[in-house]
Every structure is written in C-alpha cells, then in structure tokens.
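Everything below concerns the one structure shown next.
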Amino acid sequence: MPTIEEIQFPADISYGARGGPEFSTDIVELFSAKEQRNINWSQARARYSVSHGVKTPAQLDELIAFFRARQGRAIGFRFKDWTDYQAAGQNLGTGNGTVTQFQLVKKYTSGSVTVTRTISKPVNNGTLKIYLNAVLQGSGYSVNYTTGIVTFTVAPGAGVVVTADFEFDVPVRFDIDHLDPSIDDFGTRSWEGITLVELK
C-alpha cells in the first residue's frame, strides 16, 4: 500500500484553511534567567487546520469519502496551501556539463539568511517552466511530478544557470483517525478538528 497517493485534498475545502510552517525547539530556562534554546528540526514542517472549510452537504460527502479512502492517518496525499503554492525564478543549480538532474526547490530569504525548501510535489497544470540562463526551454527535459526532479536530455553546460517557475502542493496526512462532523443547520455542515501535517 502506498504511503502517499498522488491525489489532492479538495481545493474548495482547503481554501480558507489556517496554518503554515512550524518548528520544534526545546527551551531550557537557567537560574540566571537566561535561556538555552535547542533546535530539534533543521527544516520546518507545515501544519494546517481546515476545520472551517466544510460548508455544504456535498462538501461533507466529499470529505467523508476522502477521509475513508485515506484511512485516517494511514495514507498521505497532496494539499494546496493557498498562502504558499507558487514559485518564480527559483535557482535550481548551475550546470557542469555532466549533471542532468536538478531538484525543484523554493528559497526564502530574510536579511542575510536564505532557507531552501525541497519541492517534491509540483503540480502538473502547465505552470511549470524551465529556463537555462533565463531562456525558456520548450523541450529537452522531463519532470517527475511525484518527486520534483527535473531531468535534462543533455546536461546543461558548465556555468549555465538552471531556474524554474512552478506551482506546488504539500505532501500531508490527516493527524486524526476519528471523523467528527456535525449538522449545524439546514443545508450547512461542519467538521471541527481537521488537522493535517506535512510528510517529510
């Protein structure tokens, strides 16, 4: 059984979800009132709440079917984070005449710090574009939409900068095994506590 299925969580339900990146940090307070902070994760992991995304009976039916098919926390899936699903001009690396594969990434810069995020679930909707030295490539490469790896037929030459534009999903799973929907009023439904966590 696959640990993740290449199916997207219903986008109309995920629209309006809350959440984003989280870190894990242990803080030890010393007798001097100073702190010792220990970083447990080198990269952020996203967490989302889509509790208020369900509004109609049709959406609830779709959500119940989706939840049953993924067997609660057992099977992962794709999720569109409406606050962060696009990337433009991302530098994937520089050619050396030998390397043919480049991983899609998104870089976040704040001041002098740049954090690189691996993108493993680009969306196959025509938005992905590959450039060599800022020249759009119409062919000569393939994209694995389940890993985010771009493979060139001929290795980019030495010093050639590889960049990309694309949209992407986040691989996630349900963080619950129990479904708890409610009927709030005629024609409206809700489900509290829908939590999703990113898979690494």
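Each chain of the structure tokens is named A, B, ... in the order shown, its residues numbered from 1; ligands are numbered from 1 in display order.
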Got a sec: who's within 8 Å of stretch 90-106 of chain A, counting only C-alpha atoms, leaving out chain neighbours fewer than 3 positions off, as a list of chain:residue names? A:Ala87, A:Thr116, A:Arg117, A:Thr118, A:Ile119, A:Ser120, A:Gly148, A:Ile149, A:Val150, A:Thr151, A:Phe152, A:Thr153, A:Val154, A:Ala155, A:Pro156, A:Gly157, A:Ala158, A:Gly159, A:Val160, A:Val161, A:Val162, A:Thr163, A:Ala164, A:Asp165
Within 7 Å of stretch 3-18 of chain A: each stretch 70-137 of chain A residue with its shortest pair, only C-alpha atoms, as a Markdown table:
| residue | atom | partner | partner_atom | distance |
| --- | --- | --- | --- | --- |
| A:Ile75 | CA | A:Thr3 | CA | 5.1 |
| A:Gly76 | CA | A:Ile4 | CA | 4.0 |
| A:Phe77 | CA | A:Glu5 | CA | 5.1 |
| A:Arg78 | CA | A:Gln8 | CA | 4.4 |
| A:Phe79 | CA | A:Phe9 | CA | 5.3 |
| A:Lys80 | CA | A:Ala11 | CA | 6.6 |
| A:Trp82 | CA | A:Tyr15 | CA | 6.4 |
Write the residues you've just listed into a file as a short mmCIF file (atom, residue, chain, number, x, y, z; two decimals), in the first residue's frame, and include N, CA and C atoms for each of them.
data_model
loop_
_atom_site.label_atom_id
_atom_site.label_comp_id
_atom_site.auth_asym_id
_atom_site.auth_seq_id
_atom_site.Cartn_x
_atom_site.Cartn_y
_atom_site.Cartn_z
N ILE A 75 -2.64 7.07 5.10
CA ILE A 75 -2.15 7.33 3.74
C ILE A 75 -2.08 8.83 3.49
N GLY A 76 -0.95 9.28 2.99
CA GLY A 76 -0.74 10.68 2.69
C GLY A 76 -1.38 11.10 1.38
N PHE A 77 -1.38 12.40 1.14
CA PHE A 77 -1.98 12.96 -0.07
C PHE A 77 -1.44 14.37 -0.29
N ARG A 78 -1.86 14.98 -1.37
CA ARG A 78 -1.43 16.34 -1.70
C ARG A 78 -2.38 17.37 -1.10
N PHE A 79 -1.81 18.52 -0.73
CA PHE A 79 -2.62 19.60 -0.17
C PHE A 79 -2.15 20.92 -0.76
N LYS A 80 -3.10 21.74 -1.19
CA LYS A 80 -2.76 23.06 -1.72
C LYS A 80 -2.80 24.07 -0.59
N TRP A 82 -2.92 27.54 0.14
CA TRP A 82 -3.29 28.73 -0.61
C TRP A 82 -2.43 29.93 -0.26
#
Tell me, as a count of residues only, which residues lie within 9 Å of A:Leu179, counting only C-alpha atoms; anything in the same chain fewer than 6 positions away does not count. 6
Which of these residues is nearest to A:Asp169, using only C-alpha atoms: A:Gln137, A:Ser32, A:Thr195, A:Asn125?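 Going through A:Gln137, A:Ser32, A:Thr195, A:Asn125 one by one, the smallest distance to A:Asp169 is for A:Asn125.
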Stretch 3-197 of chain A: which residues are strand (DSSP E) by DSSP, as an MDAnalysis selection string? chainID A and resid 4:8 18:22 25:29 35:39 45:49 76:79 86:94 101:103 105:110 113:118 129:132 135:137 141:144 149:152 161:167 170:174 181:185 188:191 195:197
Any idea what the distance is between atom CA of A:Arg37 and atom CA of A:Ser24?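 Atom CA of A:Ser24 lies at a distance of 10.3 Å from atom CA of A:Arg37.
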Using the chain letters and numbers from this document, which residues of stretch 7-149 of chain A does DSSP assign to helix (DSSP H, G or I), as an mmCIF file with N, CA and C atoms, in the first residue's frame?
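Contents of result-v3.cif, freshly written:
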data_model
loop_
_atom_site.group_PDB
_atom_site.id
_atom_site.type_symbol
_atom_site.label_atom_id
_atom_site.label_comp_id
_atom_site.auth_asym_id
_atom_site.auth_seq_id
_atom_site.Cartn_x
_atom_site.Cartn_y
_atom_site.Cartn_z
ATOM 1 N N ALA A 11 -9.731 21.168 -3.193
ATOM 2 C CA ALA A 11 -9.221 22.543 -3.128
ATOM 3 C C ALA A 11 -10.269 23.530 -2.635
ATOM 4 N N ASP A 12 -11.554 23.260 -2.924
ATOM 5 C CA ASP A 12 -12.587 24.193 -2.467
ATOM 6 C C ASP A 12 -12.785 24.104 -0.956
ATOM 7 N N ILE A 13 -12.406 22.972 -0.361
ATOM 8 C CA ILE A 13 -12.491 22.831 1.095
ATOM 9 C C ILE A 13 -11.236 23.404 1.749
ATOM 10 N N SER A 14 -10.089 23.211 1.122
ATOM 11 C CA SER A 14 -8.839 23.713 1.701
ATOM 12 C C SER A 14 -8.740 25.234 1.628
ATOM 13 N N PRO A 57 -23.592 20.166 2.285
ATOM 14 C CA PRO A 57 -23.690 18.699 2.361
ATOM 15 C C PRO A 57 -22.803 18.008 1.330
ATOM 16 N N ALA A 58 -22.695 18.590 0.125
ATOM 17 C CA ALA A 58 -21.863 17.992 -0.914
ATOM 18 C C ALA A 58 -20.391 17.982 -0.509
ATOM 19 N N GLN A 59 -19.938 19.067 0.106
ATOM 20 C CA GLN A 59 -18.550 19.121 0.567
ATOM 21 C C GLN A 59 -18.297 18.103 1.669
ATOM 22 N N LEU A 60 -19.253 17.960 2.575
ATOM 23 C CA LEU A 60 -19.090 16.987 3.650
ATOM 24 C C LEU A 60 -19.047 15.575 3.086
ATOM 25 N N ASP A 61 -19.914 15.276 2.122
ATOM 26 C CA ASP A 61 -19.889 13.959 1.487
ATOM 27 C C ASP A 61 -18.534 13.685 0.844
ATOM 28 N N GLU A 62 -17.995 14.702 0.164
ATOM 29 C CA GLU A 62 -16.695 14.545 -0.485
ATOM 30 C C GLU A 62 -15.594 14.333 0.545
ATOM 31 N N LEU A 63 -15.683 15.053 1.655
ATOM 32 C CA LEU A 63 -14.679 14.940 2.702
ATOM 33 C C LEU A 63 -14.724 13.572 3.385
ATOM 34 N N ILE A 64 -15.921 13.081 3.649
ATOM 35 C CA ILE A 64 -16.052 11.758 4.273
ATOM 36 C C ILE A 64 -15.458 10.682 3.366
ATOM 37 N N ALA A 65 -15.762 10.769 2.070
ATOM 38 C CA ALA A 65 -15.219 9.799 1.124
ATOM 39 C C ALA A 65 -13.692 9.883 1.067
ATOM 40 N N PHE A 66 -13.166 11.103 1.068
ATOM 41 C CA PHE A 66 -11.720 11.307 1.016
ATOM 42 C C PHE A 66 -11.060 10.741 2.269
ATOM 43 N N PHE A 67 -11.665 10.992 3.432
ATOM 44 C CA PHE A 67 -11.128 10.520 4.705
ATOM 45 C C PHE A 67 -11.131 8.995 4.761
ATOM 46 N N ARG A 68 -12.236 8.375 4.338
ATOM 47 C CA ARG A 68 -12.319 6.909 4.339
ATOM 48 C C ARG A 68 -11.280 6.295 3.400
ATOM 49 N N ALA A 69 -11.107 6.892 2.220
ATOM 50 C CA ALA A 69 -10.166 6.350 1.244
ATOM 51 C C ALA A 69 -8.720 6.449 1.724
ATOM 52 N N ARG A 70 -8.419 7.460 2.528
ATOM 53 C CA ARG A 70 -7.055 7.616 3.052
ATOM 54 C C ARG A 70 -6.882 6.879 4.379
#
For A:Ala46, find every residue with an atom within 8 Å (counting only C-alpha atoms), except residues of its own chain fewer than 4 positions away, and show them as a VMD selection string. chain A and resid 19 to 22 197 to 198
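Summary of the local environment: counting only C-alpha atoms, residues at most 9 Å from A:Asn40, other than itself and those fewer than 2 positions away along its chain, are Phe23, Ser24, Thr25, Asp26, Asn38 and Ser42 of chain A.
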Take the selection from the previous step and output its residues with C-alpha atoms, as a JSON list (two decimals), in the first residue's frame.
[["chain", "number", "residue", "atom", "x", "y", "z"],
["A", 23, "PHE", "CA", 9.49, 24.22, 14.13],
["A", 24, "SER", "CA", 10.40, 22.18, 17.21],
["A", 25, "THR", "CA", 12.50, 23.99, 19.79],
["A", 26, "ASP", "CA", 13.32, 22.98, 23.36],
["A", 38, "ASN", "CA", 17.90, 23.65, 21.27],
["A", 42, "SER", "CA", 16.68, 21.66, 10.70]]
